[in-house]
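Colleague: Hey, dropping run_29.tsv in here, TSV, C-alpha atoms (C1' of nucleotides):
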chain	number	residue	atom	x	y	z
A	1	MET	CA	5.42	0.34	9.55
A	2	TYR	CA	8.20	0.49	12.05
A	3	TYR	CA	7.03	-0.81	15.39
A	4	VAL	CA	4.12	-2.63	13.90
A	5	GLY	CA	5.86	-5.68	15.22
A	6	THR	CA	4.72	-4.63	18.63
A	7	ALA	CA	1.44	-3.53	17.15
A	8	LEU	CA	0.46	-7.07	16.36
A	9	ALA	CA	1.21	-8.08	19.92
A	10	GLU	CA	-0.75	-5.15	21.31
A	11	MET	CA	-3.75	-6.16	19.28
A	12	THR	CA	-3.71	-9.75	20.36
A	13	MET	CA	-3.37	-9.07	24.04
A	14	PRO	CA	-6.58	-7.15	24.40
A	15	GLN	CA	-9.29	-8.68	22.27
A	16	ILE	CA	-9.76	-5.78	19.93
A	17	SER	CA	-11.99	-7.65	17.50
A	18	PRO	CA	-11.57	-5.03	14.80
A	19	LEU	CA	-14.40	-5.84	12.51
A	20	ALA	CA	-16.65	-7.26	15.14
A	21	GLY	CA	-18.90	-5.49	17.61
A	22	GLU	CA	-18.52	-1.76	17.90
A	23	PRO	CA	-16.71	0.58	15.52
A	24	ILE	CA	-12.99	0.13	15.53
A	25	GLU	CA	-10.87	2.85	17.08
A	26	ARG	CA	-8.64	5.00	14.97
A	27	ALA	CA	-5.43	3.79	16.59
A	28	ASP	CA	-6.47	0.15	16.26
A	29	ALA	CA	-7.35	0.67	12.63
A	30	GLU	CA	-3.92	2.08	11.95
A	31	ARG	CA	-2.18	-0.78	13.71
A	32	LEU	CA	-4.15	-3.43	11.89
A	33	ALA	CA	-3.71	-1.60	8.60
A	34	GLY	CA	0.02	-1.52	9.22
A	35	VAL	CA	0.20	-5.28	9.56
A	36	LEU	CA	-2.07	-5.80	6.58
A	37	LYS	CA	0.10	-3.51	4.50
A	38	ALA	CA	2.99	-5.83	5.19
A	39	LEU	CA	0.89	-8.69	3.84
A	40	ALA	CA	-0.58	-6.84	0.89
A	41	ASP	CA	2.24	-7.41	-1.54
A	42	PRO	CA	2.65	-10.28	-4.00
A	43	ALA	CA	6.37	-10.66	-3.38
A	44	ARG	CA	5.90	-10.80	0.39
A	45	LEU	CA	3.04	-13.27	0.17
A	46	ARG	CA	5.22	-15.51	-1.95
A	47	LEU	CA	8.07	-15.09	0.50
A	48	LEU	CA	5.89	-16.23	3.37
A	49	SER	CA	4.68	-19.14	1.31
A	50	LEU	CA	8.16	-20.14	0.20
A	51	ILE	CA	9.55	-19.99	3.72
A	52	GLN	CA	6.64	-21.87	5.18
A	53	SER	CA	6.97	-24.66	2.66
A	54	ALA	CA	10.75	-24.88	2.88
A	55	PRO	CA	12.33	-28.10	4.17
A	56	GLU	CA	12.75	-27.08	7.80
A	57	GLY	CA	10.25	-24.28	7.66
A	58	GLU	CA	13.10	-21.87	7.25
A	59	ALA	CA	15.04	-20.33	4.39
A	60	CYS	CA	17.93	-17.96	3.84
A	61	VAL	CA	17.98	-15.05	1.45
A	62	CYS	CA	20.07	-16.86	-1.13
A	63	ASP	CA	17.32	-19.48	-1.48
A	64	LEU	CA	14.62	-16.90	-2.06
A	65	THR	CA	16.00	-14.54	-4.66
A	66	ALA	CA	15.81	-16.99	-7.56
A	67	PRO	CA	12.20	-18.18	-7.06
A	68	LEU	CA	11.00	-14.60	-6.73
A	69	GLY	CA	12.98	-13.24	-9.61
A	70	LEU	CA	13.97	-10.21	-7.57
A	71	SER	CA	17.35	-8.82	-6.67
A	72	GLN	CA	18.93	-9.74	-3.38
A	73	PRO	CA	18.60	-6.26	-1.87
A	74	THR	CA	14.92	-6.21	-2.75
A	75	VAL	CA	14.34	-9.59	-1.13
A	76	SER	CA	16.16	-8.45	2.00
A	77	HIS	CA	13.98	-5.38	1.99
A	78	HIS	CA	10.78	-7.41	1.92
A	79	LEU	CA	12.05	-9.79	4.59
A	80	ARG	CA	12.80	-6.79	6.75
A	81	ILE	CA	9.27	-5.47	6.40
A	82	LEU	CA	7.77	-8.86	7.22
A	83	THR	CA	10.03	-9.21	10.22
A	84	GLU	CA	9.20	-5.76	11.55
A	85	ALA	CA	5.54	-6.58	11.11
A	86	GLY	CA	5.99	-9.52	13.43
A	87	LEU	CA	5.33	-12.12	10.76
A	88	LEU	CA	8.86	-13.46	10.41
A	89	GLU	CA	11.72	-14.07	12.78
A	90	ARG	CA	15.34	-13.92	11.79
A	91	GLU	CA	18.18	-16.07	13.01
A	92	LYS	CA	21.70	-15.56	11.84
A	93	ARG	CA	23.82	-18.68	11.66
A	94	GLY	CA	27.27	-18.05	10.36
A	95	VAL	CA	27.09	-16.07	7.17
A	96	TRP	CA	23.50	-16.96	6.47
A	97	ALA	CA	20.33	-15.39	7.79
A	98	TYR	CA	17.51	-17.86	8.24
A	99	TYR	CA	13.95	-16.65	8.28
A	100	ARG	CA	10.95	-18.57	9.59
A	101	LEU	CA	7.32	-17.79	10.25
A	102	VAL	CA	6.33	-16.51	13.66
A	103	PRO	CA	4.12	-19.40	14.74
A	104	THR	CA	0.71	-17.85	15.27
A	105	ALA	CA	1.17	-14.45	13.68
A	106	ILE	CA	-0.84	-14.98	10.53
A	107	ALA	CA	-3.51	-16.92	12.36
A	108	THR	CA	-3.81	-13.99	14.73
A	109	ILE	CA	-4.46	-11.63	11.86
A	110	ALA	CA	-7.05	-14.00	10.46
A	111	ASP	CA	-8.76	-14.06	13.85
A	112	LEU	CA	-8.74	-10.29	14.02
A	113	LEU	CA	-10.45	-10.13	10.67
A	114	THR	CA	-12.98	-12.85	11.29
A	115	PRO	CA	-16.08	-10.89	12.26
A	116	PRO	CA	-18.87	-12.33	14.38
A	117	ARG	CA	-17.93	-15.51	16.14
A	118	LYS	CA	-19.05	-13.93	19.42
A	119	ARG	CA	-15.84	-12.62	20.88
A	120	ALA	CA	-15.07	-14.78	23.85
A	121	THR	CA	-12.95	-12.76	26.26
A	122	LYS	CA	-10.84	-15.60	27.52
A	123	LYS	CA	-12.04	-19.00	26.54
A	124	ALA	CA	-15.64	-19.91	26.94
A	125	ARG	CA	-15.37	-23.03	24.91
B	1	MET	CA	-7.24	-3.32	-7.87
B	2	TYR	CA	-9.87	-3.28	-10.57
B	3	TYR	CA	-11.36	-6.71	-11.07
B	4	VAL	CA	-10.18	-7.94	-7.73
B	5	GLY	CA	-13.84	-8.38	-7.00
B	6	THR	CA	-13.76	-11.38	-9.23
B	7	ALA	CA	-10.37	-12.26	-7.88
B	8	LEU	CA	-11.78	-13.01	-4.49
B	9	ALA	CA	-14.35	-15.33	-6.00
B	10	GLU	CA	-11.74	-17.05	-8.11
B	11	MET	CA	-9.66	-17.74	-5.08
B	12	THR	CA	-12.47	-19.24	-3.06
B	13	MET	CA	-13.65	-21.64	-5.72
B	14	PRO	CA	-10.54	-23.77	-5.77
B	15	GLN	CA	-9.12	-24.16	-2.32
B	16	ILE	CA	-6.00	-22.23	-3.04
B	17	SER	CA	-5.00	-21.90	0.58
B	18	PRO	CA	-2.34	-19.33	-0.23
B	19	LEU	CA	-0.12	-19.68	2.75
B	20	ALA	CA	-0.69	-23.36	3.16
B	21	GLY	CA	0.95	-26.30	1.48
B	22	GLU	CA	3.08	-25.59	-1.53
B	23	PRO	CA	4.44	-22.24	-2.62
B	24	ILE	CA	1.81	-19.84	-3.82
B	25	GLU	CA	1.63	-19.09	-7.52
B	26	ARG	CA	2.50	-15.67	-8.81
B	27	ALA	CA	-0.98	-14.95	-10.12
B	28	ASP	CA	-2.62	-16.07	-6.89
B	29	ALA	CA	-0.24	-13.94	-4.89
B	30	GLU	CA	-1.21	-10.90	-6.92
B	31	ARG	CA	-4.90	-11.58	-6.54
B	32	LEU	CA	-4.68	-12.07	-2.80
B	33	ALA	CA	-2.44	-9.04	-2.47
B	34	GLY	CA	-5.00	-7.01	-4.37
B	35	VAL	CA	-7.74	-7.87	-1.91
B	36	LEU	CA	-5.44	-7.30	1.04
B	37	LYS	CA	-4.47	-3.91	-0.34
B	38	ALA	CA	-8.10	-2.95	-0.19
B	39	LEU	CA	-8.12	-3.90	3.48
B	40	ALA	CA	-4.77	-2.40	4.38
B	41	ASP	CA	-5.94	1.14	5.03
B	42	PRO	CA	-7.11	2.64	8.31
B	43	ALA	CA	-9.94	4.57	6.73
B	44	ARG	CA	-11.26	1.53	4.93
B	45	LEU	CA	-11.03	-0.68	8.00
B	46	ARG	CA	-13.02	1.89	9.91
B	47	LEU	CA	-15.53	2.10	7.09
B	48	LEU	CA	-16.09	-1.64	7.21
B	49	SER	CA	-16.43	-1.48	10.95
B	50	LEU	CA	-18.81	1.46	10.88
B	51	ILE	CA	-21.03	-0.12	8.26
B	52	GLN	CA	-21.05	-3.47	9.97
B	53	SER	CA	-22.07	-1.93	13.29
B	54	ALA	CA	-24.68	0.39	11.80
B	55	PRO	CA	-28.35	-0.08	12.78
B	56	GLU	CA	-29.43	-2.20	9.84
B	57	GLY	CA	-25.94	-3.29	8.91
B	58	GLU	CA	-25.94	-0.65	6.23
B	59	ALA	CA	-24.95	2.99	5.93
B	60	CYS	CA	-24.96	5.75	3.37
B	61	VAL	CA	-22.07	8.03	2.54
B	62	CYS	CA	-23.50	10.95	4.46
B	63	ASP	CA	-23.39	8.91	7.66
B	64	LEU	CA	-19.77	8.00	7.20
B	65	THR	CA	-17.99	11.23	6.38
B	66	ALA	CA	-18.32	12.73	9.84
B	67	PRO	CA	-17.06	9.75	11.88
B	68	LEU	CA	-14.08	9.35	9.59
B	69	GLY	CA	-13.21	13.03	9.40
B	70	LEU	CA	-12.66	12.75	5.67
B	71	SER	CA	-14.21	14.60	2.78
B	72	GLN	CA	-17.16	13.12	0.95
B	73	PRO	CA	-15.21	12.43	-2.27
B	74	THR	CA	-12.53	10.62	-0.30
B	75	VAL	CA	-15.11	8.47	1.45
B	76	SER	CA	-16.75	7.62	-1.85
B	77	HIS	CA	-13.33	6.73	-3.19
B	78	HIS	CA	-12.68	4.28	-0.36
B	79	LEU	CA	-16.14	2.77	-0.66
B	80	ARG	CA	-15.50	2.25	-4.34
B	81	ILE	CA	-12.28	0.38	-3.66
B	82	LEU	CA	-13.93	-1.81	-1.05
B	83	THR	CA	-16.82	-2.52	-3.40
B	84	GLU	CA	-14.56	-3.42	-6.30
B	85	ALA	CA	-12.62	-5.69	-3.99
B	86	GLY	CA	-15.81	-7.60	-3.31
B	87	LEU	CA	-16.04	-6.57	0.32
B	88	LEU	CA	-19.00	-4.21	0.07
B	89	GLU	CA	-22.17	-4.12	-1.97
B	90	ARG	CA	-23.96	-0.95	-2.96
B	91	GLU	CA	-27.67	-0.32	-3.22
B	92	LYS	CA	-29.06	2.99	-4.36
B	93	ARG	CA	-32.38	3.96	-2.81
B	94	GLY	CA	-33.57	7.35	-3.92
B	95	VAL	CA	-30.79	9.85	-3.47
B	96	TRP	CA	-28.90	7.75	-1.03
B	97	ALA	CA	-26.41	4.99	-1.67
B	98	TYR	CA	-26.45	2.32	1.00
B	99	TYR	CA	-23.44	0.13	1.54
B	100	ARG	CA	-23.39	-3.17	3.37
B	101	LEU	CA	-20.85	-5.94	3.91
B	102	VAL	CA	-20.78	-8.81	1.49
B	103	PRO	CA	-21.72	-11.61	3.88
B	104	THR	CA	-18.77	-13.97	3.85
B	105	ALA	CA	-16.17	-11.90	2.05
B	106	ILE	CA	-13.96	-11.04	5.00
B	107	ALA	CA	-14.31	-14.49	6.47
B	108	THR	CA	-13.14	-15.87	3.15
B	109	ILE	CA	-10.01	-13.76	3.29
B	110	ALA	CA	-9.40	-14.91	6.83
B	111	ASP	CA	-9.70	-18.50	5.69
B	112	LEU	CA	-7.27	-17.90	2.85
B	113	LEU	CA	-4.76	-16.56	5.32
B	114	THR	CA	-5.25	-19.21	7.95
B	115	PRO	CA	-2.41	-21.65	7.44
B	116	PRO	CA	-2.47	-25.36	6.89
B	117	ARG	CA	-4.43	-26.58	9.83
B	118	LYS	CA	-2.02	-29.48	9.85
B	119	ARG	CA	-2.56	-30.46	6.28
B	120	ALA	CA	-0.73	-33.79	6.01
B	121	THR	CA	1.51	-32.72	3.19
B	122	LYS	CA	5.04	-33.72	3.83
B	123	LYS	CA	6.23	-31.99	6.89
B	124	ALA	CA	6.09	-34.74	9.46
B	125	ARG	CA	8.46	-33.06	11.88
C	1	DT	C1'	45.54	-10.61	8.27
C	2	DG	C1'	43.42	-10.44	4.00
C	3	DC	C1'	40.07	-12.21	0.74
C	4	DG	C1'	35.52	-13.69	-0.70
C	5	DG	C1'	30.75	-14.74	-0.08
C	6	DA	C1'	26.17	-13.68	2.16
C	7	DT	C1'	23.26	-9.74	3.81
C	8	DA	C1'	22.07	-5.30	4.95
C	9	DT	C1'	21.83	-0.39	3.98
C	10	DG	C1'	21.89	4.09	1.09
C	11	DC	C1'	20.42	6.31	-2.70
C	12	DA	C1'	17.56	7.42	-6.62
C	13	DG	C1'	13.96	6.77	-10.09
C	14	DG	C1'	9.36	5.75	-11.16
C	15	DC	C1'	4.78	4.58	-10.13
C	16	DG	C1'	0.75	3.96	-7.48
C	17	DG	C1'	-2.29	5.70	-3.88
C	18	DG	C1'	-4.69	8.94	-0.41
C	19	DT	C1'	-6.60	13.33	-0.11
C	20	DC	C1'	-9.18	17.48	-1.41
C	21	DG	C1'	-11.62	21.04	-4.18
C	22	DA	C1'	-14.38	21.64	-8.15
C	23	DT	C1'	-17.66	19.81	-11.08
C	24	DG	C1'	-21.14	16.73	-13.16
C	25	DC	C1'	-25.10	13.76	-12.49
C	26	DT	C1'	-29.35	12.05	-10.57
C	27	DG	C1'	-33.58	12.06	-8.13
C	28	DC	C1'	-36.48	14.59	-4.59
C	29	DT	C1'	-39.36	18.41	-3.59
C	30	DG	C1'	-41.60	22.78	-3.63
D	1	DC	C1'	-39.93	23.41	-13.91
D	2	DA	C1'	-36.47	25.08	-10.93
D	3	DG	C1'	-33.76	24.43	-7.04
D	4	DC	C1'	-31.40	21.51	-4.03
D	5	DA	C1'	-29.32	17.54	-1.70
D	6	DG	C1'	-26.60	13.16	-2.00
D	7	DC	C1'	-23.08	10.97	-4.53
D	8	DA	C1'	-19.69	9.96	-8.14
D	9	DT	C1'	-16.08	11.52	-11.07
D	10	DC	C1'	-12.09	14.49	-12.50
D	11	DG	C1'	-7.85	16.75	-11.98
D	12	DA	C1'	-4.03	17.74	-9.17
D	13	DC	C1'	-0.82	17.47	-5.37
D	14	DC	C1'	2.08	15.00	-2.40
D	15	DC	C1'	3.76	11.25	-0.02
D	16	DG	C1'	5.10	6.57	0.46
D	17	DC	C1'	6.66	2.34	-1.60
D	18	DC	C1'	8.79	-1.13	-4.82
D	19	DT	C1'	12.80	-1.86	-7.31
D	20	DG	C1'	17.66	-2.00	-8.68
D	21	DC	C1'	22.48	-0.46	-8.45
D	22	DA	C1'	26.22	0.63	-5.67
D	23	DT	C1'	28.26	0.20	-1.37
D	24	DA	C1'	28.96	-1.03	3.43
D	25	DT	C1'	29.04	-4.65	6.98
D	26	DC	C1'	29.72	-9.09	8.89
D	27	DC	C1'	31.66	-13.68	9.11
D	28	DG	C1'	34.33	-17.68	7.87
D	29	DC	C1'	38.43	-19.32	5.95
D	30	DA	C1'	43.11	-19.68	3.97
Could you quickly redo this structure as structure tokens?

Modeller:
Amino acid sequence: MYYVGTALAEMTMPQISPLAGEPIERADAERLAGVLKALADPARLRLLSLIQSAPEGEACVCDLTAPLGLSQPTVSHHLRILTEAGLLEREKRGVWAYYRLVPTAIATIADLLTPPRKRATKKAR
Amino acid sequence: MYYVGTALAEMTMPQISPLAGEPIERADAERLAGVLKALADPARLRLLSLIQSAPEGEACVCDLTAPLGLSQPTVSHHLRILTEAGLLEREKRGVWAYYRLVPTAIATIADLLTPPRKRATKKAR
DNA sequence: TGCGGATATGCAGGCGGGTCGATGCTGCTG
DNA sequence: CAGCAGCATCGACCCGCCTGCATATCCGCA
């Protein structure tokens, strides 16, 4: 849950294909589980959704506390987890901290989950 | 974590597309989080992988305890969670209980996660 | 320089979850 | 019918996590 940010990257580089071909390795299972844990929370799913649908695709903490109905520290906590998981990126402009989705992060997770599809090593299409 | 099995079905019927267009609803977020919670565990990911790569695409508990290095009750516990989440189906033949993947369950989750696909909503950039 | 607003961090309480050992249940088999 | 093997359930322990309150930190502004 700490360097899972790198975990996502490490899983995309080599085509691990977790639920595809052969049994997944223990280390890979823990990495993927770490990223999924970051996703497996109602508040964090709503945060991702809110940020993604925000005007410029970005939002600061002060815009997110009210829709979620959670305290500011709690929202910051969730944003931290999502960022460390590699799903969000943070940019501080002045006093505000703007969060936006890491472009292909979620799609990468979806690909890792999607089973058969015949894992093409590079691009056979 | 109990009737999430139905939750998955309820989310596929209408195209909720959680992380797509507009902000996700609270109830939908909880349903999706429930299914993701079932996935967000190393042991359960390995179980899915082991079962999926088993000879006939099915496996009984006794085949799964050794590879996982977990006790039989713990394995049964995880299989129960996966089954209730709608990811596995159980068939009892004689003394053995055979588990297999629910055909499109994981792919459905992947689809729910996969973002807009350039849904012409508002964001024209 | 000092104040105020926006965030992040520390701390603590409460709850849910992963694990195991013991036990109950069911269906084979001798 | 008795014994046993495969599996599920129960109870308990412990750890991690979600949450809020209090506080610290950072930055802009007067």

Colleague: Near chain B, meaning an atom within 6 Å, which residues of chain A appear when counting only C-alpha atoms? Write them as a short mmCIF file (atom, residue, chain, number, x, y, z; two decimals) with C-alpha atoms, in the coordinates of the input.

Modeller:
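For reference, selection.cif as written:
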data_model
loop_
_atom_site.label_atom_id
_atom_site.label_comp_id
_atom_site.auth_asym_id
_atom_site.auth_seq_id
_atom_site.Cartn_x
_atom_site.Cartn_y
_atom_site.Cartn_z
CA LEU A 19 -14.40 -5.84 12.51
CA GLU A 22 -18.52 -1.76 17.90
CA PRO A 23 -16.71 0.58 15.52
CA ILE A 24 -12.99 0.13 15.53
CA ALA A 29 -7.35 0.67 12.63
CA GLU A 30 -3.92 2.08 11.95
CA ALA A 33 -3.71 -1.60 8.60
CA LEU A 36 -2.07 -5.80 6.58
CA LYS A 37 0.10 -3.51 4.50
CA ALA A 40 -0.58 -6.84 0.89
CA ASP A 41 2.24 -7.41 -1.54
CA PRO A 42 2.65 -10.28 -4.00
CA ARG A 46 5.22 -15.51 -1.95
CA SER A 49 4.68 -19.14 1.31
CA LEU A 50 8.16 -20.14 0.20
CA SER A 53 6.97 -24.66 2.66
CA ALA A 107 -3.51 -16.92 12.36
CA ALA A 110 -7.05 -14.00 10.46
CA THR A 114 -12.98 -12.85 11.29
#

Colleague: Quick one: which residues from chain A are at most 12 Å off chain D, using all atoms listed in the file, as a list in words?

Modeller: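 The complete set of qualifying residues is Met1, Lys37, Ala38, Ala40, Asp41, Pro42, Ala43, Arg44, Gly69, Leu70, Ser71, Gln72, Pro73, Thr74, Val75, Ser76, His77, His78, Ile81, Lys92, Arg93, Gly94, Val95, Trp96 and Ala97 of chain A.
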
Colleague: Can you tell me, as AutoDock Vina command-line options, the centre and edge lengths (Å, one decimal) of the axis-aligned box enclosing all of segment 26-30 of chain D's listed atoms after padding each side by 4 Å?

Modeller:
--center_x 36.4 --center_y -14.4 --center_z 6.5 --size_x 21.4 --size_y 18.6 --size_z 13.1

Colleague: Please measure the separation of atom C1' of DC28 of chain C and atom CA of Leu88 of chain B, giving the value in Å to one decimal.

Modeller: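 Taking atom C1' of DC28 of chain C as the start and atom CA of Leu88 of chain B as the end point, the length is 26.1 Å.
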
Colleague: What's the separation between atom CA of Cys60 of chain B and atom CA of Arg80 of chain B, in Å to one decimal place?

Modeller: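 About the pair atom CA of Cys60 of chain B and atom CA of Arg80 of chain B: they are 12.7 Å apart.
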
Colleague: Figure out the distance between atom C1' of DG4 of chain C and atom CA of Thr65 of chain A, please, to one decimal in Å.

Modeller: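 Straight-line distance from atom CA of Thr65 of chain A to atom C1' of DG4 of chain C works out to 19.9 Å.
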